Amino acid sequence: MASVGFLSPPGGDQACVGGWLTEPAHTGPSARLVVVMHGVRRNAREYVESWRAWSQQAGRPVLAPLFDARHWPGARAYNLGRVLDPEGWPVPYRERGFTALRRLVVEAQVAAGLTDPTWDLFGHSAGAQFAHRFALLGEDATGARALGAGAPEAPVEDLGKGIPVLGRVVVAGAGWFTVPDPGIDWPYGTRHPELGVDELTLTRWTRRPITFLRGEHDRDRDEHLRVDPGADAQGRTRWERAAHMLAAGGRWDADCRWELVDVLGVGHHEHEMAPIVQARWSLSGDSTRSCQKGGGSPAAEVGDADVTSAGSAFAPGGVPTKPVMW
């Protein structure tokens, strides 16, 4: 099994984060880093443990960042990437959660001796919220896009260690979403005068292949689920809200490249979701499909042993018609 060590925060200030990093016994410089984002319990060590055996088998280092509650309290600081302060003003670029992750990714790639700047991102629950918003606001190579008045004073590449490039993104069990709708206020939509999210930024986001996972049994309104008018407008449960997000993507962009995967027999548990992603990422190549025109996304159903396939669109209202292969 891969060894695990803690990677200290680069820079040592409160705007930085550290994380647990696996070291597979057999890997090479061309391996691609995998980043797994913890949920509301801030249990990064548990997350890296659920990926440790796969890391060894696949020969891929896995990083589990720790956004501790002391320096990154609440949903604004973690789930939303701390892009805005409580008064709605832009947070300096270097103090944002998305910047902190980019810096840590660079440090992890250097520590693991990797030459491939591309990295894959998996987020579960609160980490899934972080992940899908990172793909909107934090991913670009220069750090200058979609940051409005908070454009970077000193971009990540000033570290002199290369620019991390976001690869595949999997969003699992998110409690609620920022939908691609400039008619809805942030954080439930993308309307905010200080964020500078324009039509081009939204279309780049919806053209990025992102996989949204929802557990078949993740339909409870539990104590960790946000319950307010903005979230409930997306549905009453995580299951319904995931469908709402995919439908919103299709409404914004007929060529949306998002997909929805229903994981059979699973509730709101990262350790049950992780093997599905690991099995997918163990396959060679990147076969993420484009969404079908006008439908938001095809849906897939993944069971314990089998994946069934049939080419069909994602039905309006969030009900998948026939399953398609993921």
# chains A, B, ... in the order shown; residues from 1 in each chain; ligands from 1
>>> residues_around(residues="Val227 (chain A)", least_positions_apart="6", cutoff="12 Å", atoms="only C-alpha atoms", output="list of chain:residue names")
A:Gly175, A:Trp176, A:Asp220, A:Arg221, A:Ala233, A:Gln234, A:Gly235, A:Arg236, A:Thr237, A:Arg238, A:Arg241
>>> residues_around(residues="Val169 (chain A)", least_positions_apart="6", cutoff="7 Å", atoms="only C-alpha atoms", output="PyMOL selection string")
chain A and resi 120-122+210-211
>>> select_by_dssp(residues="region 80-208 of chain A", states="helix (DSSP H, G or I)", output="JSON, numbers by chain")
{"A": [93, 94, 95, 97, 98, 99, 100, 101, 102, 103, 104, 105, 106, 107, 108, 109, 110, 111, 126, 127, 128, 129, 130, 131, 132, 133, 134, 135, 136, 137, 148, 149, 150, 156, 157, 158, 159, 199, 200, 201, 202, 203, 204, 205, 206, 207]}
>>> atom_distance(atom1="CA of Cys256 (chain A)", atom2="CA of Val165 (chain A)")
20.6 Å
>>> residues_around(residues="Pro29 (chain A)", least_positions_apart="4", cutoff="10 Å", atoms="only C-alpha atoms", output="compact mmCIF listing (two decimals) with C-alpha atoms, in the first residue's frame")
# COMPACT_ATOMS: atom_id res chain seq x y z
CA ARG A 60 -0.68 7.73 -9.16
CA GLN A 109 3.56 17.81 -8.12
CA VAL A 110 7.06 18.99 -7.26
CA ALA A 112 6.14 13.73 -6.14
CA GLY A 113 8.60 14.48 -8.94
CA LEU A 114 5.87 14.78 -11.57
CA THR A 115 6.44 16.39 -14.95
CA ASP A 116 2.82 16.23 -16.12
>>> residues_around(residues="region 82-89 of chain A", least_positions_apart="3", cutoff="9 Å", atoms="only C-alpha atoms", output="ChimeraX atom specification")
/A:72,75-79,92-93,95-98,137,147,149-150,192,194-195
>>> select_by_dssp(residues="region 40-118 of chain A", states="strand (DSSP E or B)", output="count of residues only")
8
>>> closest_residue(among="A:Ser282, A:Ser8, A:Gln56, A:Thr178", to="His132 (chain A)", atoms="only C-alpha atoms")
A:Thr178
>>> residues_around(residues="Asp253 (chain A)", least_positions_apart="4", cutoff="7 Å", atoms="only C-alpha atoms", output="PDB file with C-alpha atoms, in the first residue's frame")
ATOM      1  CA  THR A 203     -19.817  28.638 -21.845  1.00  0.00           C
ATOM      2  CA  THR A 206     -20.356  24.135 -19.552  1.00  0.00           C
ATOM      3  CA  GLY A 249     -26.334  23.427 -17.960  1.00  0.00           C
TER       4      GLY A 249
END
>>> closest_residue(among="A:Ile276, A:Leu202, A:Leu66, A:Leu80", to="Phe177 (chain A)", atoms="only C-alpha atoms")
A:Leu80
>>> atom_distance(atom1="CA of Val170 (chain A)", atom2="CA of Gly123 (chain A)")
6.5 Å
>>> closest_residue(among="A:Ser50, A:Ser55, A:Ser125, A:Thr118", to="Ala274 (chain A)", atoms="only C-alpha atoms")
A:Ser50
>>> residues_around(residues="Met1 (chain A)", least_positions_apart="6", cutoff="10 Å", atoms="only C-alpha atoms", output="list in words")
Thr22, Glu23, Pro24, Ala25, Arg52, Ala53, Trp54, Ser55, Gln56 and Gln57 of chain A
>>> residues_around(residues="Leu213 (chain A)", least_positions_apart="3", cutoff="7 Å", atoms="only C-alpha atoms", output="PDB file with C-alpha atoms, in the first residue's frame")
ATOM      1  CA  VAL A 171     -18.524  16.123  -8.473  1.00  0.00           C
ATOM      2  CA  ALA A 172     -20.186  13.635  -6.086  1.00  0.00           C
ATOM      3  CA  GLY A 173     -23.073  14.199  -3.686  1.00  0.00           C
ATOM      4  CA  LEU A 260     -24.970  12.749 -14.680  1.00  0.00           C
ATOM      5  CA  VAL A 261     -24.209   9.323 -13.238  1.00  0.00           C
ATOM      6  CA  ASP A 262     -26.568   7.540 -10.857  1.00  0.00           C
ATOM      7  CA  VAL A 263     -24.665   5.202  -8.520  1.00  0.00           C
TER       8      VAL A 263
END
>>> atom_distance(atom1="CA of Val40 (chain A)", atom2="CA of Asp228 (chain A)")
18.0 Å
>>> closest_residue(among="A:Arg41, A:His244, A:Arg257, A:Arg251", to="Pro209 (chain A)", atoms="only C-alpha atoms")
A:Arg257
